[in-house]
Number of protein chains: 2
Amino acid sequence: MGKPRRPYHHGNLRRALLDEALATIGSEGVDRLTLREIGARLGVSRTALYRHFADKRALLAGVATEGFRMLREQLVAAWKKGGCGGPAFLAMGVAYMRFAVANPAHYRVMFGSFVDPKEAEFELAAEADGAFQALVDALVALQRSAVVRDDDILLMARFVWSVVHGVAMLAIDGQVSEPGATEALMRYALDRLQAGIENGAGR
Amino acid sequence: MGKPRRPYHHGNLRRALLDEALATIGSEGVDRLTLREIGARLGVSRTALYRHFADKRALLAGVATEGFRMLREQLVAAWKKGGCGGPAFLAMGVAYMRFAVANPAHYRVMFGSFVDPKEAEFELAAEADGAFQALVDALVALQRSAVVRDDDILLMARFVWSVVHGVAMLAIDGQVSEPGATEALMRYALDRLQAGIENGAGR
DNA sequence: GCGTCATGTTGACAATGTCAACTATTTTTC
DNA sequence: GAAAAATAGTTGACATTGTCAACATGACGC
């Protein structure tokens with residue numbers, strides 16, 4: 001007896017709110033996300049959320065921010081674990097797409113333009129930049145070791161980003177449904193991407 | 001006098017609703033789109049819309065459907081005008097990205113996952129398929145003339161689609177803001193894409 | 001023990017999507 | 001050409017939702 005029923009203070013409501021939001025987004029879609037339902041599911045009042053997020057957009061911004069942080073961590077991890085060379089670049093590409101497939105809810109919020117880039121929180125912009133920068137850093141290293149072409153770095157990074165992002169979107173949105181097709185597309189895309197930017201290719 | 005003030009029947013309310021929706025989405029964003037405001041702006045009642053669309057999702061589906069039709073038309077036009085060969089392929093890529101930049105509202109709705117692909121209207125799915133098929137057809141032709149690699153056609157088409165889609169997203173979402181950067185990215189991306197899938201490249 | 005602050009609750013309100021019932025206009029039919 | 005049917009639009013109502021203001025509760029330092 002005396003079991004700690006539901007204490008008035010939740011303990012880590014912020015975390016729980018994010019998790020619940022992610023669960024709902026994943027199963028129902030972003031537009032079916034309602035603050036009241038999140039509260040209800042957590043056994044908490046409909047406005048408890050406002051002690052942790054300014055409003056609904058801020059909640060989504062929180063999800064996106066977290067997503068970019070996770071993405072960056074996984075990109076950097078893949079790069080380092082792969083040895084910071086050519087193979088590591090492939091591993092990084094795989095890590096990117098795997099992140100999207102494994103965390104579709106995060107991914108959709110991150111790129112669904114639910115948060116206006118103009119009025120985006122500073123933290124979100126910073127994390128998004130950080131993830132992109134991880135890719136830029138890798139490309140710079142590959143340029144130094146003459147693995148990839150010596151093109152404008154920003155241009156090249158944006159191109160690579162476009163490819164993996166495009167594949168991730170296709171994979172997530174269920175356009176690619178045959179079993180194994182996602183993996184195959186990922187492999188093929190990275191293969192052709194590499195062929196396109198490797199040193200000595202074209203021109 | 002006796003001027004035909006506002007006739008009871010609007011004439012082409014469906015068209016006007018789509019246009020007004022597009023205007024609002026373009027300037028305010030999809031999530032700020034409200035049926036009531038659309039009606040108000042058109043000087044029409046808030047529920048007049050329901051004579052032309054089943055509900056809000058149907059309106060968005062209408063926007064997306066129209067977008068895919070326009071996209072397909074422009075892709076096919078670019079392909080034919082370019083002579084159905086290698087240069088035409090580039091023209092098609094440019095047409096794709098230009099469409100996105102010129103019609104961001106359409107584009108966002110088309111790929112914003114506002115309409116569940118499972119419960120998507122038949123017409124929408126058909127138009128989306130049609131646009132993709134335009135790309136597949138072009139690639140098949142290029143394969144026949146040995147301009148591009150002889151890879152699995154679906155795989156290759158999805159890869160190409162990913163690239164142009166990824167670039168289009170970056171361009172639209174204001175991530176690429178420096179003047180001229182969008183054009184430069186488009187050119188570079190198509191250049192590298194071509195290098196990646198042209199016959200004799202890699203492996 | 002007490003104030004202070006973070007955290008959570010209740011009541012209220014305006015905005016929104018949508019339905020049902022009704023009205024106005026056009027088109028079809030005899 | 002009038003009646004009937006179909007088409008297009010309106011008004012009233014309601015449940016849902018995001019959000020605010022005012023209040024309640026618990027933790028924690030002094």
# chains A, B, ... in the order shown; residues from 1 in each chain; ligands from 1
call {"tool": "closest_atom_pairs", "arguments": {"of": "chain D", "to": "segment 54-69 of chain A", "cutoff": "12 Å", "atoms": "only C-alpha atoms (C1' of nucleotides)", "output": "tab-separated table"}}
result
residue	atom	partner	partner_atom	distance
D:DT17	C1'	A:Lys56	CA	11.2
D:DG18	C1'	A:Lys56	CA	7.8
D:DT19	C1'	A:Asp55	CA	8.1
D:DC20	C1'	A:Asp55	CA	11.5
call {"tool": "write_last_selection", "arguments": {"atoms": "C-alpha atoms (C1' of nucleotides)", "output": "PDB file, in the first residue's frame"}}
result
ATOM      1  C1'  DT D  17      -9.888  22.414 -30.746  1.00  0.00           C
ATOM      2  C1'  DG D  18      -6.167  25.838 -29.251  1.00  0.00           C
ATOM      3  C1'  DT D  19      -5.438  29.075 -25.887  1.00  0.00           C
ATOM      4  C1'  DC D  20      -5.926  32.392 -22.021  1.00  0.00           C
TER       5       DC D  20
END
call {"tool": "closest_atom_pairs", "arguments": {"of": "chain B", "to": "chain C", "cutoff": "12 Å", "atoms": "only C-alpha atoms (C1' of nucleotides)", "output": "JSON lines"}}
result
{"residue": "B:Pro7", "atom": "CA", "partner": "C:DT25", "partner_atom": "C1'", "distance": 9.2}
{"residue": "B:Tyr8", "atom": "CA", "partner": "C:DT25", "partner_atom": "C1'", "distance": 7.0}
{"residue": "B:His9", "atom": "CA", "partner": "C:DT25", "partner_atom": "C1'", "distance": 7.2}
{"residue": "B:His10", "atom": "CA", "partner": "C:DT25", "partner_atom": "C1'", "distance": 10.9}
{"residue": "B:Gly11", "atom": "CA", "partner": "C:DT26", "partner_atom": "C1'", "distance": 11.5}
{"residue": "B:Arg32", "atom": "CA", "partner": "C:DT16", "partner_atom": "C1'", "distance": 11.0}
{"residue": "B:Leu33", "atom": "CA", "partner": "C:DT16", "partner_atom": "C1'", "distance": 10.4}
{"residue": "B:Thr34", "atom": "CA", "partner": "C:DT16", "partner_atom": "C1'", "distance": 7.3}
{"residue": "B:Leu35", "atom": "CA", "partner": "C:DG17", "partner_atom": "C1'", "distance": 7.9}
{"residue": "B:Arg36", "atom": "CA", "partner": "C:DT16", "partner_atom": "C1'", "distance": 7.8}
{"residue": "B:Glu37", "atom": "CA", "partner": "C:DT16", "partner_atom": "C1'", "distance": 10.1}
{"residue": "B:Arg46", "atom": "CA", "partner": "C:DG17", "partner_atom": "C1'", "distance": 10.0}
{"residue": "B:Thr47", "atom": "CA", "partner": "C:DT18", "partner_atom": "C1'", "distance": 8.5}
{"residue": "B:Ala48", "atom": "CA", "partner": "C:DT18", "partner_atom": "C1'", "distance": 11.8}
{"residue": "B:Leu49", "atom": "CA", "partner": "C:DT18", "partner_atom": "C1'", "distance": 11.1}
{"residue": "B:Tyr50", "atom": "CA", "partner": "C:DT18", "partner_atom": "C1'", "distance": 9.2}
{"residue": "B:Ala54", "atom": "CA", "partner": "C:DT18", "partner_atom": "C1'", "distance": 10.0}
{"residue": "B:Asp55", "atom": "CA", "partner": "C:DT18", "partner_atom": "C1'", "distance": 8.1}
{"residue": "B:Lys56", "atom": "CA", "partner": "C:DG17", "partner_atom": "C1'", "distance": 7.9}
{"residue": "B:Arg57", "atom": "CA", "partner": "C:DG17", "partner_atom": "C1'", "distance": 10.8}
call {"tool": "write_last_selection", "arguments": {"atoms": "C-alpha atoms", "output": "PDB file, in the first residue's frame"}}
result
ATOM      1  CA  PRO B   7     -25.618  36.575 -59.232  1.00  0.00           C
ATOM      2  CA  TYR B   8     -26.759  33.871 -56.882  1.00  0.00           C
ATOM      3  CA  HIS B   9     -24.723  31.373 -58.765  1.00  0.00           C
ATOM      4  CA  HIS B  10     -21.070  32.112 -58.860  1.00  0.00           C
ATOM      5  CA  GLY B  11     -20.420  30.664 -62.260  1.00  0.00           C
ATOM      6  CA  ARG B  32      -3.476  28.429 -41.836  1.00  0.00           C
ATOM      7  CA  LEU B  33      -5.969  27.575 -44.519  1.00  0.00           C
ATOM      8  CA  THR B  34      -9.548  27.868 -43.280  1.00  0.00           C
ATOM      9  CA  LEU B  35     -12.648  27.075 -45.232  1.00  0.00           C
ATOM     10  CA  ARG B  36     -14.526  29.964 -43.703  1.00  0.00           C
ATOM     11  CA  GLU B  37     -11.974  32.503 -44.808  1.00  0.00           C
ATOM     12  CA  ARG B  46     -18.889  29.294 -45.450  1.00  0.00           C
ATOM     13  CA  THR B  47     -20.544  26.102 -46.558  1.00  0.00           C
ATOM     14  CA  ALA B  48     -20.898  26.833 -50.246  1.00  0.00           C
ATOM     15  CA  LEU B  49     -17.705  24.848 -50.641  1.00  0.00           C
ATOM     16  CA  TYR B  50     -19.489  21.630 -49.776  1.00  0.00           C
ATOM     17  CA  ALA B  54     -16.741  16.635 -49.828  1.00  0.00           C
ATOM     18  CA  ASP B  55     -14.645  18.208 -47.104  1.00  0.00           C
ATOM     19  CA  LYS B  56     -11.412  20.039 -46.460  1.00  0.00           C
ATOM     20  CA  ARG B  57      -9.245  17.074 -47.369  1.00  0.00           C
TER      21      ARG B  57
END
call {"tool": "interface_residues", "arguments": {"of": "chain D", "to": "chain B", "cutoff": "9 Å", "atoms": "only C-alpha atoms (C1' of nucleotides)", "output": "list in words"}}
result
DT7, DA8, DG9 and DT10 of chain D
call {"tool": "interface_residues", "arguments": {"of": "chain A", "to": "chain B", "cutoff": "6 Å", "atoms": "only C-alpha atoms", "output": "list in words"}}
result
Phe159, Ser162, Val163, His165, Gly166, Val167, Ala189, Arg192, Ala195, Gly196 and Gly202 of chain A
call {"tool": "select_by_dssp", "arguments": {"residues": "segment 83-202 of chain A", "states": "helix (DSSP H, G or I)", "output": "PyMOL selection string"}}
result
chain A and resi 86-102+104-111+122-144+153-172+181-197
call {"tool": "residues_around", "arguments": {"residues": "Pro104 of chain B", "least_positions_apart": "5", "cutoff": "9 Å", "atoms": "only C-alpha atoms (C1' of nucleotides)", "output": "MDAnalysis selection string"}}
result
chainID B and resid 25:26 99 109 172:173
call {"tool": "write_last_selection", "arguments": {"atoms": "C-alpha atoms", "output": "compact mmCIF listing (two decimals), in the first residue's frame"}}
result
# COMPACT_ATOMS: atom_id res chain seq x y z
CA ILE B 25 -1.49 28.37 -48.95
CA GLY B 26 1.14 30.30 -50.85
CA PHE B 99 7.30 23.72 -61.68
CA VAL B 109 0.17 20.00 -50.96
CA ILE B 172 10.99 25.77 -51.99
CA ASP B 173 11.57 25.70 -48.28
call {"tool": "decode", "arguments": {"residues": "chain D", "atoms": "N, CA and C atoms (P, O5', C5', C4', C3', O3' and C1' of nucleotides)", "output": "mmCIF file, in the first residue's frame"}}
result
data_model
loop_
_atom_site.group_PDB
_atom_site.id
_atom_site.type_symbol
_atom_site.label_atom_id
_atom_site.label_comp_id
_atom_site.auth_asym_id
_atom_site.auth_seq_id
_atom_site.Cartn_x
_atom_site.Cartn_y
_atom_site.Cartn_z
ATOM 1 P P DG D 1 -44.166 31.036 -74.619
ATOM 2 O "O5'" DG D 1 -44.454 30.540 -73.136
ATOM 3 C "C5'" DG D 1 -45.651 30.925 -72.501
ATOM 4 C "C4'" DG D 1 -46.040 29.837 -71.512
ATOM 5 C "C3'" DG D 1 -45.417 30.030 -70.131
ATOM 6 O "O3'" DG D 1 -46.339 29.560 -69.175
ATOM 7 C "C1'" DG D 1 -44.773 27.932 -70.949
ATOM 8 P P DA D 2 -46.382 30.304 -67.752
ATOM 9 O "O5'" DA D 2 -46.625 29.042 -66.800
ATOM 10 C "C5'" DA D 2 -47.890 28.366 -66.833
ATOM 11 C "C4'" DA D 2 -47.729 26.979 -66.238
ATOM 12 C "C3'" DA D 2 -47.222 26.952 -64.793
ATOM 13 O "O3'" DA D 2 -47.854 25.870 -64.130
ATOM 14 C "C1'" DA D 2 -45.683 25.814 -66.173
ATOM 15 P P DA D 3 -47.772 25.748 -62.550
ATOM 16 O "O5'" DA D 3 -47.127 24.298 -62.378
ATOM 17 C "C5'" DA D 3 -47.705 23.199 -63.089
ATOM 18 C "C4'" DA D 3 -46.736 22.027 -63.072
ATOM 19 C "C3'" DA D 3 -46.164 21.685 -61.698
ATOM 20 O "O3'" DA D 3 -46.132 20.270 -61.592
ATOM 21 C "C1'" DA D 3 -44.399 22.165 -63.195
ATOM 22 P P DA D 4 -45.803 19.574 -60.168
ATOM 23 O "O5'" DA D 4 -44.373 18.935 -60.469
ATOM 24 C "C5'" DA D 4 -44.136 18.338 -61.746
ATOM 25 C "C4'" DA D 4 -42.676 17.950 -61.876
ATOM 26 C "C3'" DA D 4 -42.000 17.546 -60.562
ATOM 27 O "O3'" DA D 4 -41.140 16.455 -60.840
ATOM 28 C "C1'" DA D 4 -40.817 19.320 -61.525
ATOM 29 P P DA D 5 -40.602 15.523 -59.650
ATOM 30 O "O5'" DA D 5 -39.042 15.487 -59.979
ATOM 31 C "C5'" DA D 5 -38.631 15.498 -61.358
ATOM 32 C "C4'" DA D 5 -37.253 16.087 -61.471
ATOM 33 C "C3'" DA D 5 -36.304 15.720 -60.330
ATOM 34 O "O3'" DA D 5 -35.088 15.317 -60.911
ATOM 35 C "C1'" DA D 5 -36.277 18.043 -60.668
ATOM 36 P P DA D 6 -34.030 14.479 -60.059
ATOM 37 O "O5'" DA D 6 -32.715 15.348 -60.272
ATOM 38 C "C5'" DA D 6 -32.441 15.847 -61.583
ATOM 39 C "C4'" DA D 6 -31.671 17.141 -61.495
ATOM 40 C "C3'" DA D 6 -30.443 17.092 -60.569
ATOM 41 O "O3'" DA D 6 -29.314 17.484 -61.325
ATOM 42 C "C1'" DA D 6 -31.692 19.056 -60.200
ATOM 43 P P DT D 7 -27.866 17.326 -60.659
ATOM 44 O "O5'" DT D 7 -27.444 18.841 -60.399
ATOM 45 C "C5'" DT D 7 -27.607 19.803 -61.443
ATOM 46 C "C4'" DT D 7 -27.382 21.190 -60.872
ATOM 47 C "C3'" DT D 7 -26.162 21.316 -59.973
ATOM 48 O "O3'" DT D 7 -25.366 22.370 -60.475
ATOM 49 C "C1'" DT D 7 -28.046 22.303 -58.958
ATOM 50 P P DA D 8 -23.960 22.720 -59.801
ATOM 51 O "O5'" DA D 8 -24.335 23.924 -58.832
ATOM 52 C "C5'" DA D 8 -24.950 25.085 -59.394
ATOM 53 C "C4'" DA D 8 -25.169 26.105 -58.317
ATOM 54 C "C3'" DA D 8 -23.994 26.245 -57.338
ATOM 55 O "O3'" DA D 8 -23.700 27.627 -57.230
ATOM 56 C "C1'" DA D 8 -25.994 25.859 -56.142
ATOM 57 P P DG D 9 -22.577 28.119 -56.197
ATOM 58 O "O5'" DG D 9 -23.426 28.585 -54.921
ATOM 59 C "C5'" DG D 9 -24.408 29.600 -55.088
ATOM 60 C "C4'" DG D 9 -25.128 29.858 -53.777
ATOM 61 C "C3'" DG D 9 -24.228 30.105 -52.561
ATOM 62 O "O3'" DG D 9 -24.535 31.370 -51.989
ATOM 63 C "C1'" DG D 9 -25.936 28.565 -52.047
ATOM 64 P P DT D 10 -23.935 31.760 -50.539
ATOM 65 O "O5'" DT D 10 -25.152 31.441 -49.577
ATOM 66 C "C5'" DT D 10 -26.435 32.013 -49.840
ATOM 67 C "C4'" DT D 10 -27.314 31.914 -48.605
ATOM 68 C "C3'" DT D 10 -26.625 32.307 -47.291
ATOM 69 O "O3'" DT D 10 -27.479 33.163 -46.538
ATOM 70 C "C1'" DT D 10 -27.523 30.107 -47.121
ATOM 71 P P DT D 11 -26.897 33.922 -45.267
ATOM 72 O "O5'" DT D 11 -27.755 33.380 -44.039
ATOM 73 C "C5'" DT D 11 -29.030 32.796 -44.255
ATOM 74 C "C4'" DT D 11 -29.451 31.973 -43.044
ATOM 75 C "C3'" DT D 11 -28.778 32.326 -41.721
ATOM 76 O "O3'" DT D 11 -29.776 32.412 -40.716
ATOM 77 C "C1'" DT D 11 -28.505 30.023 -42.145
ATOM 78 P P DG D 12 -29.397 32.793 -39.181
ATOM 79 O "O5'" DG D 12 -29.412 31.362 -38.469
ATOM 80 C "C5'" DG D 12 -30.515 30.485 -38.686
ATOM 81 C "C4'" DG D 12 -30.369 29.247 -37.827
ATOM 82 C "C3'" DG D 12 -29.758 29.481 -36.451
ATOM 83 O "O3'" DG D 12 -30.458 28.678 -35.503
ATOM 84 C "C1'" DG D 12 -28.424 27.919 -37.638
ATOM 85 P P DA D 13 -30.029 28.634 -33.936
ATOM 86 O "O5'" DA D 13 -29.165 27.301 -33.870
ATOM 87 C "C5'" DA D 13 -29.730 26.090 -34.375
ATOM 88 C "C4'" DA D 13 -28.702 24.976 -34.266
ATOM 89 C "C3'" DA D 13 -27.953 24.931 -32.928
ATOM 90 O "O3'" DA D 13 -28.172 23.663 -32.337
ATOM 91 C "C1'" DA D 13 -26.450 24.786 -34.786
ATOM 92 P P DC D 14 -27.706 23.377 -30.824
ATOM 93 O "O5'" DC D 14 -26.410 22.486 -31.046
ATOM 94 C "C5'" DC D 14 -26.416 21.508 -32.072
ATOM 95 C "C4'" DC D 14 -25.043 20.868 -32.160
ATOM 96 C "C3'" DC D 14 -24.259 20.924 -30.853
ATOM 97 O "O3'" DC D 14 -23.734 19.645 -30.569
ATOM 98 C "C1'" DC D 14 -22.973 21.824 -32.619
ATOM 99 P P DA D 15 -23.146 19.317 -29.114
ATOM 100 O "O5'" DA D 15 -21.781 18.618 -29.532
ATOM 101 C "C5'" DA D 15 -21.755 17.748 -30.677
ATOM 102 C "C4'" DA D 15 -20.332 17.606 -31.167
ATOM 103 C "C3'" DA D 15 -19.309 17.416 -30.047
ATOM 104 O "O3'" DA D 15 -18.330 16.481 -30.469
ATOM 105 C "C1'" DA D 15 -18.799 19.386 -31.257
ATOM 106 P P DT D 16 -17.110 16.130 -29.479
ATOM 107 O "O5'" DT D 16 -15.877 16.923 -30.107
ATOM 108 C "C5'" DT D 16 -15.672 16.870 -31.504
ATOM 109 C "C4'" DT D 16 -14.460 17.694 -31.894
ATOM 110 C "C3'" DT D 16 -13.294 17.643 -30.905
ATOM 111 O "O3'" DT D 16 -12.101 17.385 -31.637
ATOM 112 C "C1'" DT D 16 -13.874 19.890 -31.363
ATOM 113 P P DT D 17 -10.764 17.061 -30.906
ATOM 114 O "O5'" DT D 17 -10.030 18.478 -30.913
ATOM 115 C "C5'" DT D 17 -9.769 19.117 -32.156
ATOM 116 C "C4'" DT D 17 -9.323 20.545 -31.943
ATOM 117 C "C3'" DT D 17 -8.220 20.715 -30.903
ATOM 118 O "O3'" DT D 17 -7.005 21.014 -31.569
ATOM 119 C "C1'" DT D 17 -9.888 22.414 -30.746
ATOM 120 P P DG D 18 -5.660 21.086 -30.691
ATOM 121 O "O5'" DG D 18 -5.458 22.650 -30.461
ATOM 122 C "C5'" DG D 18 -5.243 23.480 -31.596
ATOM 123 C "C4'" DG D 18 -5.170 24.936 -31.177
ATOM 124 C "C3'" DG D 18 -4.064 25.260 -30.173
ATOM 125 O "O3'" DG D 18 -3.470 26.501 -30.536
ATOM 126 C "C1'" DG D 18 -6.167 25.838 -29.251
ATOM 127 P P DT D 19 -2.224 27.036 -29.736
ATOM 128 O "O5'" DT D 19 -2.902 27.907 -28.608
ATOM 129 C "C5'" DT D 19 -3.646 29.058 -28.993
ATOM 130 C "C4'" DT D 19 -4.296 29.686 -27.783
ATOM 131 C "C3'" DT D 19 -3.357 29.955 -26.603
ATOM 132 O "O3'" DT D 19 -3.303 31.348 -26.380
ATOM 133 C "C1'" DT D 19 -5.438 29.075 -25.887
ATOM 134 P P DC D 20 -2.151 31.949 -25.494
ATOM 135 O "O5'" DC D 20 -2.984 32.790 -24.422
ATOM 136 C "C5'" DC D 20 -4.107 33.554 -24.838
ATOM 137 C "C4'" DC D 20 -5.051 33.776 -23.670
ATOM 138 C "C3'" DC D 20 -4.339 34.135 -22.364
ATOM 139 O "O3'" DC D 20 -4.867 35.346 -21.848
ATOM 140 C "C1'" DC D 20 -5.926 32.392 -22.021
ATOM 141 P P DA D 21 -4.049 36.137 -20.736
ATOM 142 O "O5'" DA D 21 -5.047 36.118 -19.482
ATOM 143 C "C5'" DA D 21 -6.451 36.177 -19.706
ATOM 144 C "C4'" DA D 21 -7.189 35.788 -18.440
ATOM 145 C "C3'" DA D 21 -6.487 36.178 -17.141
ATOM 146 O "O3'" DA D 21 -7.451 36.635 -16.211
ATOM 147 C "C1'" DA D 21 -6.829 33.842 -17.179
ATOM 148 P P DA D 22 -7.005 37.264 -14.793
ATOM 149 O "O5'" DA D 22 -7.449 36.129 -13.771
ATOM 150 C "C5'" DA D 22 -8.761 35.586 -13.867
ATOM 151 C "C4'" DA D 22 -8.869 34.381 -12.963
ATOM 152 C "C3'" DA D 22 -8.212 34.566 -11.589
ATOM 153 O "O3'" DA D 22 -9.118 34.143 -10.585
ATOM 154 C "C1'" DA D 22 -7.391 32.607 -12.618
ATOM 155 P P DC D 23 -8.716 34.252 -9.018
ATOM 156 O "O5'" DC D 23 -8.375 32.727 -8.681
ATOM 157 C "C5'" DC D 23 -9.332 31.723 -9.022
ATOM 158 C "C4'" DC D 23 -8.697 30.354 -8.900
ATOM 159 C "C3'" DC D 23 -8.060 30.057 -7.529
ATOM 160 O "O3'" DC D 23 -8.757 28.976 -6.930
ATOM 161 C "C1'" DC D 23 -6.704 29.314 -9.330
ATOM 162 P P DA D 24 -8.248 28.450 -5.469
ATOM 163 O "O5'" DA D 24 -7.391 27.181 -5.884
ATOM 164 C "C5'" DA D 24 -8.030 26.113 -6.566
ATOM 165 C "C4'" DA D 24 -7.069 24.936 -6.670
ATOM 166 C "C3'" DA D 24 -6.477 24.455 -5.347
ATOM 167 O "O3'" DA D 24 -6.471 23.033 -5.377
ATOM 168 C "C1'" DA D 24 -4.739 25.025 -6.831
ATOM 169 P P DT D 25 -6.146 22.215 -4.050
ATOM 170 O "O5'" DT D 25 -4.666 21.713 -4.353
ATOM 171 C "C5'" DT D 25 -4.436 20.980 -5.544
ATOM 172 C "C4'" DT D 25 -2.954 20.756 -5.710
ATOM 173 C "C3'" DT D 25 -2.248 20.267 -4.448
ATOM 174 O "O3'" DT D 25 -1.610 19.060 -4.770
ATOM 175 C "C1'" DT D 25 -1.033 21.996 -5.501
ATOM 176 P P DG D 26 -1.271 18.001 -3.622
ATOM 177 O "O5'" DG D 26 0.314 18.026 -3.666
ATOM 178 C "C5'" DG D 26 0.944 17.727 -4.899
ATOM 179 C "C4'" DG D 26 2.293 18.393 -4.959
ATOM 180 C "C3'" DG D 26 3.245 18.043 -3.813
ATOM 181 O "O3'" DG D 26 4.328 17.319 -4.382
ATOM 182 C "C1'" DG D 26 3.305 20.360 -4.344
ATOM 183 P P DA D 27 5.490 16.803 -3.508
ATOM 184 O "O5'" DA D 27 6.607 17.889 -3.836
ATOM 185 C "C5'" DA D 27 7.111 17.988 -5.166
ATOM 186 C "C4'" DA D 27 8.269 18.983 -5.217
ATOM 187 C "C3'" DA D 27 9.390 18.690 -4.221
ATOM 188 O "O3'" DA D 27 10.631 18.968 -4.865
ATOM 189 C "C1'" DA D 27 8.525 20.848 -3.813
ATOM 190 P P DC D 28 12.009 18.557 -4.186
ATOM 191 O "O5'" DC D 28 12.830 19.914 -4.099
ATOM 192 C "C5'" DC D 28 12.210 21.148 -4.515
ATOM 193 C "C4'" DC D 28 12.868 22.311 -3.791
ATOM 194 C "C3'" DC D 28 13.890 21.926 -2.742
ATOM 195 O "O3'" DC D 28 14.926 22.876 -2.736
ATOM 196 C "C1'" DC D 28 12.216 23.196 -1.735
ATOM 197 P P DG D 29 16.321 22.619 -2.002
ATOM 198 O "O5'" DG D 29 16.741 24.068 -1.511
ATOM 199 C "C5'" DG D 29 16.729 25.165 -2.438
ATOM 200 C "C4'" DG D 29 16.408 26.463 -1.700
ATOM 201 C "C3'" DG D 29 17.369 26.808 -0.575
ATOM 202 O "O3'" DG D 29 17.593 28.215 -0.562
ATOM 203 C "C1'" DG D 29 15.195 26.619 0.315
ATOM 204 P P DC D 30 18.826 28.819 0.191
ATOM 205 O "O5'" DC D 30 18.247 29.346 1.569
ATOM 206 C "C5'" DC D 30 17.468 30.565 1.587
ATOM 207 C "C4'" DC D 30 16.728 30.704 2.897
ATOM 208 C "C3'" DC D 30 17.623 30.599 4.151
ATOM 209 O "O3'" DC D 30 17.928 31.913 4.626
ATOM 210 C "C1'" DC D 30 15.513 29.487 4.426
#
